[in-house]
Amino acid sequence: MPPLVTRFAPSPTGHLHIGGARTALFCWAFAKKSGGRFMLRIEDTDAARSSLESARGIIEDLHWLGIVNDLGPFIKPDGSIGQHDWEPNSGRPPVGEYFQARRVAIYNAYLERLITSGRAYPAFDTNEETEKQRAAAVAAKQTYRYPRPADIEFGQYTPAMQERWKRAQAGERHVVRFAAPNEEIVVHDEVLGDVRYAPGEMDDFVIRKADGFPTYHFAVVIDDETMGVTHVLRAQEHLNNTPRHVALQKALTHPDGTAFRILLYAHMPIICNMDASKMSKRDKAKAARKALKEYESKSKPDKPQMIIDLTRQLMAKAKAEGTDNETASIVTLLPGFLAGDNDNVQVAEALAAHFKIALPEIEVWDFKKNGYLPEAICNFVALLGWNPGLKTPDGKDLEKFDNAFLASHFGLDRIGKTASKFDRNKLLSFNADAINGLSDEEFAKRWRIWCVEFEPVFAARVDANGRWIELAKAVKARAKTLRDGVKASAFVLRDDHAADFDPAAVEKNLKANGNQGLTLLRTVFERLQTVDAASWNAATLHALIEQVGQQDGTGLGPVSQAIRVAIAGAAVSPPLGESLAVLGRGSALKRIETCLSVLST
RNA sequence: GGCCCCGUCGUCUAGCCUGGUCUAGGACACAUCCCUUUCACGGAUGCGACAUGGGUUCGAAUCCCAUCGGGGUCACCA
């Protein structure tokens with residue numbers, strides 16, 4: 001019995017998309033659940049857009065999510081790319097290459113047999129010619145289908161076909177097209193059931209491009225067959241591709257004459273935005289253009305001048321950050337981006353930084369950068385189109401689980417059919433729960449690692465006073481993301497001599513009732529000075545503040561708020577004991593002193 | 001526009017296959033209250049859906065049909 005094999009086959013043209021993460025997760029979970037293998041394959045046949053860097057990034061993103069492949073490329077500790085292949089005793093021949101661009105010889109061998117069996121033929125139309133026909137068809141509201149040339153006979157390797165092949169081999173620029181069968185194609189889908197496509201729906205699609213690389217359809221079918229893939233799990237946007245793949249599987253044979261298998265398919269729901277459009281990288285460009293539009297409608301700038309200004313600012317920024325190269329390309333792409341001719345992500349990000357707006361998180365890396373935990377992302381995304389259908393002991397739907405649970409419970413039978421909207425609120429809530437489920441120590445550790453990468457200034461400051469645990473305790477409950485944790489502790493970064501205090505807070509908490517707050521603040525200040533550095537901890541400080549409040553008869557509130565304004569500059573901060581402890585004796589006293597002297601005059 | 005898929009609270013969904021236990025359950029969001037030194041956390045309560053119209057049936061969220069609505073896809077991208 002050959003093992004069950006699923007595969008995730010991204011094209012390395014950018015970061016891992018959140019929808020791709022779900023596909024990978026489901027493929028992984030299905031393989032684990034079934035005792036099979038999960039394979040990663042890199043579909044880099046688009047020479048212009050693929051990059052090794054993207055492939056590396058995608059592998060890293062998957063690893064970060066805890067989705068580890070049994071077969072295909074992985075990143076070694078030394079940073080180089082290695083690969084897992086079928087073992088000698090696995091009953092399967094080794095795959096060899098998992099990057100499609102390195103498998104061209106394999107595709108060509110199958111392609112040639114397709115040609116000599118009359119099921120594929122070289123076509124010499126130029127791109128412009130077919131585009132023109134297509135445009136004409138669209139203008140006439142007709143469905144465009146590539147018309148099969150008159151000299152092609154389905155399934156016959158005629159002299160005319162031989163002549164075409166000879167021309168192609170002689171080096172004439174051409175593509176190879178598949179001679180599509182004129183019959184009904186039924187796709188058996190594990191989620192959707194049988195999906196029927198009427199005869200004549202499929203045209204003679206391209207299977208090898210003019211640059212010699214196979215198209216997606218062809219490479220996928222050859223690879224899935226030759227690599228031993230048994231189940232194809234992918235998003236529903238691929239459903240309409242499937243009849244092509246099935247037709248190809250029916251037409252292809254191995255050198256020994258055996259037929260290709262018809263694979264088992266399971267198409268899962270699309271993940272879309274709250275407005276029901278498909279979630280895509282372009283949403284970033286959309287958001288950036290929207291910000292720009294708002295700016296334009298507000299300040300009605302001269303457009304050419306604005307482009308010049310923007311360009312200058314971006315270049316200056318790049319120079320300051322030492323990212324000259326990247327920004328040079330941004331600058332050349334900017335006019336096209338503004339005109340809507342390209343959706344370059346770097347341009348979008350540069351504009352977002354300029355207009356101080358947040359771009360929507362679309363890729364796994366975006367979520368990582370903004371402080372989401374991988375376990376929360378996996379958990380949330382697993383619920384988009386799948387549900388365990390189990391209840392918790394108190395009768396609620398079971399929806400909090402980890403990847404190990406998925407690996408033991410996932411099944412195709414509980415994949416839904418309806419598209420799901422990506423509710424960022426719910427993800428945020430899942431993330432907050434994941435953070436709160438961490439012990440203080442664990443949270444401190446992971447938060448610090450994140451800060452070092454994404455908030456280095458803050459990390460260095462906290463590192464300097466070594467108060468991560470105290471800060472983590474103070475901040476954990478009010479952090480829905482790791483980034484929130486930094487926001488909640490922003491007071492740490494305040495200058496001890498800063499003289500700006502939120503006026504409303506000053507009025508309410510210090511000056512009201514005849515300077516009640518200031519008086520209290522003076523009292524605590526004196527008392528705090530008696531606490532030495534060794535006993536400067538949250539519990540001691542809290543007790544002291546409580547005492548002052550009691551002695552004064554005003555309770556805990558007024559003193560607390562007075563101190564809070566003094567040390568944080570505003571009426572909001574984490575609990576006082578912790579806040580003072582984190583600041584340390586010197587800093588805390590200095591701030592109160594500053595506040596007293598600024599407001600007493 | 002052609003083809004394909006889908007239609008339960010605003011959102012994710014349970015229930016649908018195997019009609020009655022569904023005056024449709026849970027979660028997120030929202031609202032109110034409680035807790036509270038601020039902001040949060042937490043606790044309680046509330047708001048809120050079977051797209052519409054026909055069948056079938058004693059009985060339909062569940063089965064059938066139609067309508068309407070939404071989405072996907074129509075590349076020498078994957």
# chains A, B, ... in the order shown; residues from 1 in each chain; ligands from 1
>>> interface_residues(of="chain A", to="chain B", cutoff="7 Å", atoms="only C-alpha atoms (C1' of nucleotides)", output="PyMOL selection string")
chain A and resi 11+141+143+175+206+209-210+216+237+240+384+389+396-397+417-418+423+425-426+477-478+556-557+560-561+571-574
>>> residues_around(residues="region 68-80 of chain A", least_positions_apart="3", cutoff="7 Å", atoms="only C-alpha atoms (C1' of nucleotides)", output="list in words")
Arg37, Phe38, Met39, Leu40, Arg41, Ile59, Leu62, His63, Gln83, His84, Asp85 and Tyr98 of chain A
>>> residues_around(residues="region 172-174 of chain A", least_positions_apart="5", cutoff="12 Å", atoms="only C-alpha atoms (C1' of nucleotides)", output="number ranges by chain")
A: 121-127, 163-167, 206-213; B: 76
>>> residues_around(residues="region 45-55 of chain B", least_positions_apart="6", cutoff="12 Å", atoms="only C-alpha atoms (C1' of nucleotides)", output="ChimeraX atom specification")
/B:7-11,13,15-16,22,24,29-34,61-70
>>> select_by_dssp(residues="region 142-224 of chain A", states="strand (DSSP E or B)", output="count of residues only")
18
>>> closest_residue(among="A:Leu65, A:Ala539, A:Ala419, A:Ala170", to="Met274 (chain A)", atoms="only C-alpha atoms")
A:Ala419
>>> residues_around(residues="region 101-106 of chain A", least_positions_apart="2", cutoff="6 Å", atoms="only C-alpha atoms (C1' of nucleotides)", output="ChimeraX atom specification")
/A:44-45,99,108-109
>>> write_last_selection(atoms="N, CA and C atoms", output="PDB file, in the first residue's frame")
ATOM      1  N   ASP A  44       8.535  27.137  -9.310  1.00  0.00           N
ATOM      2  CA  ASP A  44       9.267  28.333  -9.746  1.00  0.00           C
ATOM      3  C   ASP A  44       9.442  28.367 -11.263  1.00  0.00           C
ATOM      4  N   THR A  45       8.389  27.980 -11.986  1.00  0.00           N
ATOM      5  CA  THR A  45       8.508  27.961 -13.440  1.00  0.00           C
ATOM      6  C   THR A  45       8.271  29.326 -14.070  1.00  0.00           C
ATOM      7  N   PHE A  99      12.444  21.575  -6.857  1.00  0.00           N
ATOM      8  CA  PHE A  99      12.241  22.879  -7.481  1.00  0.00           C
ATOM      9  C   PHE A  99      11.917  22.614  -8.951  1.00  0.00           C
ATOM     10  N   ASN A 108       9.887  17.716 -20.412  1.00  0.00           N
ATOM     11  CA  ASN A 108      10.056  17.609 -21.860  1.00  0.00           C
ATOM     12  C   ASN A 108       9.902  16.176 -22.362  1.00  0.00           C
ATOM     13  N   ALA A 109      10.358  15.227 -21.557  1.00  0.00           N
ATOM     14  CA  ALA A 109      10.229  13.830 -21.964  1.00  0.00           C
ATOM     15  C   ALA A 109       8.759  13.445 -22.089  1.00  0.00           C
TER      16      ALA A 109
END
>>> residues_around(residues="region 331-348 of chain A", least_positions_apart="4", cutoff="10 Å", atoms="only C-alpha atoms (C1' of nucleotides)", output="ChimeraX atom specification")
/A:14,281-289,292-293,304,307-308,310-312,314-315,326-327,352-354,359
